[in-house]
Amino acid sequence: MSTSTSDPAEVGFDADRLARIDRHFQRYIDDRRLTGWQVAVSRRGQLVHHSTAGHRDRDAEIAWSDDTVVRLFSMTKPITSVAAMMLHEEGAFELKDPVERFIPSFGEARVYRSGSAYNPVTEPLTEPIRMWHLLTHTAGLTYGFHSQHVTDALYRNAGFEWGAPKGLDLAECCDRWAALPLAFQPGSEWNYGVSTDVLGRVVEVISGQSLDEFFRTRIFEPLKMAETGFWVRDDQRDRAARLYSPNPATGEAMISPLELTPTERPTFLSGGGGLWGTAQDYLRFCHFLLNRGELDGVRLLGSRTLDYMTRNHLPGNADLEAFGRPLFAETSFDGVGFGLGFSVSLDPVANRVMSSPGEFAWGGAASTAFWCDPVEDLAVVFLTQLLPSSTHPIRPQLKQLVYQALID
């Protein structure tokens with residue numbers, strides 16, 4: 001990313017106050033909770049603050065650079081959701097369409113009712129899993145790493161904890177997920193899970209393209225996101241960040257046992273968490289979102305479609321605290337709803353973190369995060385590589401540090 005920034009005062013920021021971001025997060029480097037990080041703050045399309053600190057590889061003493069490539073994990077999800085809604089705009093599906101129309105195995109899905117992970121008792125669906133269930137995480141699908149429910153254990157037993165069993169492609173994974181019990185009846189609760197991976201498979205079925213090809217030709221090339229993809233290319237290898245996790249005894253970041261750096265096309269193309277990318281690329285994606293579907297004269301979505309995606313779609317305008325399962329996700333739950341691929345701020349006072357109503361956001365498992373605030377015309381991207389993202393309160397701290405710097 002170019003470090004050339006606009007005068008913050010021209011767009012309502014105080015430069016001295018913005019510098020508090022760097023001072024605060026430098027402490028994470030100093031006490032070794034993080035090895036390195038990068039932050040970019042943009043307002044009205046102008047980059048007003050950009051900085052890096054620490055190392056992308058601490059052992060090798062390789063500094064975090066402007067063009068460091070990171071695992072985006074669940075920051076892949078908004079991109080997959082955009083891909084699906086591009087096809088929706090072409091009339092390829094309706095939000096009420098059953099997913100089994102595109103992936104027949106989901107027509108046989110059943111719902112967990114009682115019993116253990118070794119002898120679950122299930123019941124039939126009261127209604128089919130629909131496309132809007134996938135986009136809103138209300139399908140009843142889950143993640144093995146939650147370790148909160150019997151269905152989570154069933155996913156782990158089937159080889160789905162962090163990733164997928166070796167050799168399975170996205171189509172095969174979807175059929176295996178369809179054969180596992182849902183955690184609840186579709187539409188009755190919110191639960192973070194593999195819904196966006198299934199959505200990625202629907203994109204493949206409808207488009208006739210593999211997910212990586214659809215992303216490349218329909219999103220990344222038009223938006224000039226040349227550094228984003230499902231694996232680390234040869235020209236990116238020396239810029240790829242290592243993955244860290246906290247030492248349970250000391251809290252110090254150490255190389256994660258889950259570290260994996262694909263250097264060729266993976267068999268499993270995860271629309272829920274498979275992408276790598278840079279801050280510059282993801283900031284371009286944020287600008288596309290804030291511009292309501294257009295960037296630099298290239299329009300991928302209609303403005304009303306983007307507006308619709310970033311409204312709260314939970315029934316009764318509920319927040320995640322009322323409608324979601326009490327487990328970790330890439331957002332807090334009070335005063336936060338969920339749209340079609342994004343969390344949506346409903347009540348910043350209830351959330352106890354400064355923001356604007358209508359702000360939409362998401363993050364990744366390695367403590368990466370972004371948000372877009374249409375009220376302030378503000379986009380923020382934060383990259384690091386610490387798994388899991390629940391380790392430190394990076395996201396709320398970053399928000400209060402960004403918003404306190406606004407003075408207009």
# chains A, B, ... in the order shown; residues from 1 in each chain; ligands from 1
$ select_by_dssp --residues "region 85-163 of chain A" --states "strand (DSSP E)" --output "PyMOL selection string"
chain A and resi 110-115+120-124
$ residues_around --residues "Trp371 (chain A)" --least-positions-apart "4" --cutoff "7 Å" --atoms "only C-alpha atoms" --output "PyMOL selection string"
chain A and resi 359-362+379-381
$ residues_around --residues "Pro98 (chain A)" --least-positions-apart "3" --cutoff "8 Å" --atoms "only C-alpha atoms" --output "PyMOL selection string"
chain A and resi 101+128-131
$ write_last_selection --atoms "C-alpha atoms" --output "tab-separated table (two decimals), in the first residue's frame"
chain	number	residue	atom	x	y	z
A	101	ARG	CA	-32.36	-26.67	-5.75
A	128	PRO	CA	-36.15	-26.24	3.87
A	129	ILE	CA	-32.84	-24.45	4.22
A	130	ARG	CA	-33.23	-21.40	2.03
A	131	MET	CA	-30.69	-19.09	0.41
$ residues_around --residues "Leu223 (chain A)" --least-positions-apart "3" --cutoff "7 Å" --atoms "only C-alpha atoms" --output "list in words"
Ile219, Phe220 and Leu295 of chain A
$ write_last_selection --atoms "C-alpha atoms" --output "compact mmCIF listing (two decimals), in the first residue's frame"
# COMPACT_ATOMS: atom_id res chain seq x y z
CA ILE A 219 -14.55 -9.47 -8.49
CA PHE A 220 -10.78 -9.30 -8.06
CA LEU A 295 -15.38 1.57 -7.49
$ residues_around --residues "region 318-322 of chain A" --least-positions-apart "3" --cutoff "8 Å" --atoms "only C-alpha atoms" --output "list of chain:residue names"
A:Trp190, A:Leu314, A:Pro315, A:Arg325, A:Pro326, A:Phe333, A:Asp334, A:Gly335, A:Val336, A:Gly337, A:Phe338, A:Leu346
$ decode --residues "region 63-96 of chain A" --atoms "N, CA and C atoms" --output "PDB file, in the first residue's frame"
ATOM      1  N   ALA A  63      10.356  -7.764   8.920  1.00  0.00           N
ATOM      2  CA  ALA A  63       9.410  -6.738   9.345  1.00  0.00           C
ATOM      3  C   ALA A  63       8.089  -6.843   8.584  1.00  0.00           C
ATOM      4  N   TRP A  64       7.028  -6.436   9.256  1.00  0.00           N
ATOM      5  CA  TRP A  64       5.722  -6.315   8.592  1.00  0.00           C
ATOM      6  C   TRP A  64       5.805  -5.152   7.609  1.00  0.00           C
ATOM      7  N   SER A  65       5.530  -5.413   6.338  1.00  0.00           N
ATOM      8  CA  SER A  65       5.634  -4.384   5.299  1.00  0.00           C
ATOM      9  C   SER A  65       4.244  -4.007   4.797  1.00  0.00           C
ATOM     10  N   ASP A  66       4.195  -2.936   4.000  1.00  0.00           N
ATOM     11  CA  ASP A  66       2.923  -2.464   3.458  1.00  0.00           C
ATOM     12  C   ASP A  66       2.209  -3.541   2.650  1.00  0.00           C
ATOM     13  N   ASP A  67       2.976  -4.419   1.994  1.00  0.00           N
ATOM     14  CA  ASP A  67       2.391  -5.412   1.086  1.00  0.00           C
ATOM     15  C   ASP A  67       2.404  -6.825   1.673  1.00  0.00           C
ATOM     16  N   THR A  68       2.447  -6.942   3.004  1.00  0.00           N
ATOM     17  CA  THR A  68       2.377  -8.253   3.641  1.00  0.00           C
ATOM     18  C   THR A  68       1.052  -8.936   3.290  1.00  0.00           C
ATOM     19  N   VAL A  69       1.143 -10.231   2.993  1.00  0.00           N
ATOM     20  CA  VAL A  69      -0.023 -11.037   2.613  1.00  0.00           C
ATOM     21  C   VAL A  69      -0.430 -11.887   3.822  1.00  0.00           C
ATOM     22  N   VAL A  70      -1.726 -11.861   4.147  1.00  0.00           N
ATOM     23  CA  VAL A  70      -2.199 -12.540   5.355  1.00  0.00           C
ATOM     24  C   VAL A  70      -3.365 -13.479   5.041  1.00  0.00           C
ATOM     25  N   ARG A  71      -3.597 -14.389   5.990  1.00  0.00           N
ATOM     26  CA  ARG A  71      -4.801 -15.225   5.960  1.00  0.00           C
ATOM     27  C   ARG A  71      -5.976 -14.353   6.380  1.00  0.00           C
ATOM     28  N   LEU A  72      -6.917 -14.184   5.486  1.00  0.00           N
ATOM     29  CA  LEU A  72      -8.086 -13.372   5.797  1.00  0.00           C
ATOM     30  C   LEU A  72      -9.140 -14.151   6.578  1.00  0.00           C
ATOM     31  N   PHE A  73      -9.053 -15.472   6.540  1.00  0.00           N
ATOM     32  CA  PHE A  73     -10.047 -16.304   7.208  1.00  0.00           C
ATOM     33  C   PHE A  73     -11.455 -15.763   6.905  1.00  0.00           C
ATOM     34  N   SER A  74     -12.250 -15.429   7.927  1.00  0.00           N
ATOM     35  CA  SER A  74     -13.663 -15.114   7.693  1.00  0.00           C
ATOM     36  C   SER A  74     -13.911 -13.762   7.038  1.00  0.00           C
ATOM     37  N   MET A  75     -12.880 -12.965   6.825  1.00  0.00           N
ATOM     38  CA  MET A  75     -13.066 -11.784   5.985  1.00  0.00           C
ATOM     39  C   MET A  75     -13.270 -12.194   4.531  1.00  0.00           C
ATOM     40  N   THR A  76     -13.180 -13.498   4.255  1.00  0.00           N
ATOM     41  CA  THR A  76     -13.604 -14.064   2.967  1.00  0.00           C
ATOM     42  C   THR A  76     -15.121 -13.998   2.824  1.00  0.00           C
ATOM     43  N   LYS A  77     -15.856 -14.120   3.926  1.00  0.00           N
ATOM     44  CA  LYS A  77     -17.314 -14.267   3.872  1.00  0.00           C
ATOM     45  C   LYS A  77     -18.035 -13.113   3.166  1.00  0.00           C
ATOM     46  N   PRO A  78     -17.692 -11.843   3.452  1.00  0.00           N
ATOM     47  CA  PRO A  78     -18.373 -10.772   2.714  1.00  0.00           C
ATOM     48  C   PRO A  78     -18.129 -10.838   1.209  1.00  0.00           C
ATOM     49  N   ILE A  79     -16.960 -11.304   0.787  1.00  0.00           N
ATOM     50  CA  ILE A  79     -16.675 -11.418  -0.644  1.00  0.00           C
ATOM     51  C   ILE A  79     -17.547 -12.493  -1.270  1.00  0.00           C
ATOM     52  N   THR A  80     -17.691 -13.634  -0.594  1.00  0.00           N
ATOM     53  CA  THR A  80     -18.558 -14.698  -1.095  1.00  0.00           C
ATOM     54  C   THR A  80     -20.008 -14.233  -1.142  1.00  0.00           C
ATOM     55  N   SER A  81     -20.411 -13.462  -0.146  1.00  0.00           N
ATOM     56  CA  SER A  81     -21.780 -12.951  -0.122  1.00  0.00           C
ATOM     57  C   SER A  81     -22.024 -11.987  -1.279  1.00  0.00           C
ATOM     58  N   VAL A  82     -21.039 -11.148  -1.583  1.00  0.00           N
ATOM     59  CA  VAL A  82     -21.145 -10.264  -2.746  1.00  0.00           C
ATOM     60  C   VAL A  82     -21.264 -11.093  -4.024  1.00  0.00           C
ATOM     61  N   ALA A  83     -20.453 -12.152  -4.144  1.00  0.00           N
ATOM     62  CA  ALA A  83     -20.520 -13.012  -5.334  1.00  0.00           C
ATOM     63  C   ALA A  83     -21.917 -13.581  -5.512  1.00  0.00           C
ATOM     64  N   ALA A  84     -22.498 -14.078  -4.417  1.00  0.00           N
ATOM     65  CA  ALA A  84     -23.836 -14.647  -4.504  1.00  0.00           C
ATOM     66  C   ALA A  84     -24.862 -13.593  -4.924  1.00  0.00           C
ATOM     67  N   MET A  85     -24.753 -12.410  -4.350  1.00  0.00           N
ATOM     68  CA  MET A  85     -25.747 -11.379  -4.665  1.00  0.00           C
ATOM     69  C   MET A  85     -25.568 -10.822  -6.069  1.00  0.00           C
ATOM     70  N   MET A  86     -24.372 -10.919  -6.640  1.00  0.00           N
ATOM     71  CA  MET A  86     -24.201 -10.579  -8.052  1.00  0.00           C
ATOM     72  C   MET A  86     -25.039 -11.525  -8.916  1.00  0.00           C
ATOM     73  N   LEU A  87     -25.056 -12.806  -8.560  1.00  0.00           N
ATOM     74  CA  LEU A  87     -25.865 -13.780  -9.301  1.00  0.00           C
ATOM     75  C   LEU A  87     -27.351 -13.573  -9.024  1.00  0.00           C
ATOM     76  N   HIS A  88     -27.671 -13.186  -7.797  1.00  0.00           N
ATOM     77  CA  HIS A  88     -29.062 -12.871  -7.460  1.00  0.00           C
ATOM     78  C   HIS A  88     -29.573 -11.736  -8.339  1.00  0.00           C
ATOM     79  N   GLU A  89     -28.721 -10.733  -8.580  1.00  0.00           N
ATOM     80  CA  GLU A  89     -29.126  -9.606  -9.429  1.00  0.00           C
ATOM     81  C   GLU A  89     -29.387 -10.028 -10.869  1.00  0.00           C
ATOM     82  N   GLU A  90     -28.792 -11.154 -11.273  1.00  0.00           N
ATOM     83  CA  GLU A  90     -29.018 -11.667 -12.626  1.00  0.00           C
ATOM     84  C   GLU A  90     -30.262 -12.552 -12.713  1.00  0.00           C
ATOM     85  N   GLY A  91     -30.963 -12.715 -11.574  1.00  0.00           N
ATOM     86  CA  GLY A  91     -32.154 -13.540 -11.566  1.00  0.00           C
ATOM     87  C   GLY A  91     -31.887 -15.020 -11.392  1.00  0.00           C
ATOM     88  N   ALA A  92     -30.663 -15.381 -10.955  1.00  0.00           N
ATOM     89  CA  ALA A  92     -30.277 -16.795 -10.866  1.00  0.00           C
ATOM     90  C   ALA A  92     -30.955 -17.514  -9.708  1.00  0.00           C
ATOM     91  N   PHE A  93     -31.344 -16.782  -8.686  1.00  0.00           N
ATOM     92  CA  PHE A  93     -32.060 -17.394  -7.566  1.00  0.00           C
ATOM     93  C   PHE A  93     -32.832 -16.312  -6.826  1.00  0.00           C
ATOM     94  N   GLU A  94     -33.794 -16.758  -6.039  1.00  0.00           N
ATOM     95  CA  GLU A  94     -34.493 -15.882  -5.111  1.00  0.00           C
ATOM     96  C   GLU A  94     -34.036 -16.217  -3.701  1.00  0.00           C
ATOM     97  N   LEU A  95     -34.110 -15.259  -2.815  1.00  0.00           N
ATOM     98  CA  LEU A  95     -33.632 -15.483  -1.452  1.00  0.00           C
ATOM     99  C   LEU A  95     -34.435 -16.571  -0.740  1.00  0.00           C
ATOM    100  N   LYS A  96     -35.665 -16.795  -1.158  1.00  0.00           N
ATOM    101  CA  LYS A  96     -36.490 -17.837  -0.553  1.00  0.00           C
ATOM    102  C   LYS A  96     -36.269 -19.210  -1.180  1.00  0.00           C
TER     103      LYS A  96
END
